[in-house]
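To start, the structure itself, in structure tokens.
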Amino acid sequence: MSLLELIERADERTLAAGALACLERCLPLLAGPEAEPLRPLWASCEDGQDWAIRLAAVRTEMEQASVPDGPAALVRAMLGAAPSDFDAVPLREWADACSLVALRVHGRFDAPDGDAPPDEDHRLKAARSGDPAAVGPLVAGELERQVRILEILAETTGTAGSGAGLRKALDLSTEGRRVLRAVMSRRARGRG
């Protein structure tokens, strides 16, 4: 199934966790290596309990951080766009937007100059529909992580292993965050 099909078929739990996973992988743009600002929201993904309260607290914390323009601002805007209602319709729209932002962020680091290619929207649409041939290695890796996380979450929905599914999603996101941090570090050293 394509990424877009997985998002379309996902339930609330999968959509919330999938969107959080996308933002989690982009955290190197916003927070230090030890920061875990999204962790409280992961605890609400299972059934939505205290979602709105935890979301408000995370937003307040993130709004206090200094964020440069560009990709980091996009990531913080996605956190600001998170719905307070733990309902499939708004969560699906948010998950779709977070997916696209995460792919765009990774695409900036695929490009040597950090600028988006002129046909970026077309290539990302094709990749999310199941044709990843025209994207760079970071975007391809991010796309693969997004698909895998949604598959894991869908497989464990409503089962005794649903907590384990969320843990696997978080582990994959932590791994993706390390990849982005390493790429950012290499690029910074190259400029220095």
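Ordering of the structure tokens sets the chain letters (A, B, ...), residue numbers begin anew at 1 in every chain, and ligands are numbered from 1 in the order given.
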Within 9 Å of stretch 181-189 of chain A, which residues of stretch 25-116 of chain A come that close, and what is the closest atom pair and distance in Å for each? Count only C-alpha atoms and give it as a Markdown table.
| residue | atom | partner | partner_atom | distance |
| --- | --- | --- | --- | --- |
| A:Cys26 | CA | A:Arg181 | CA | 8.8 |
| A:Leu27 | CA | A:Arg181 | CA | 8.7 |
| A:Pro28 | CA | A:Arg181 | CA | 5.6 |
| A:Leu29 | CA | A:Arg181 | CA | 8.3 |
| A:Pro33 | CA | A:Arg181 | CA | 8.3 |
| A:Phe109 | CA | A:Val183 | CA | 7.3 |
Exercise for review: Find the residues near stretch 171-180 of chain A: any atom within 12 Å, counting only C-alpha atoms, skip ones fewer than 2 places away on the same chain, and give them as a VMD selection string.
Suggested key: chain A and resid 17 to 36 38 to 39 42 102 to 103 105 to 110 137 to 150 152 to 153 164 to 169 182 to 187
Point to revise | A:His122 surroundings by only C-alpha atoms, 12 Å radius, close-in-sequence under 3 positions cut, as an MDAnalysis selection string | key: chainID A and resid 100 104 116:119 125:129 131:132 134:135
Review point. Hey, what does DSSP flag as helix (DSSP H, G or I) within stretch 31-124 of chain A? Can you give it to me as a PyMOL selection string?
Key: chain A and resi 39-42+51-63+71-80+88-110+120-124
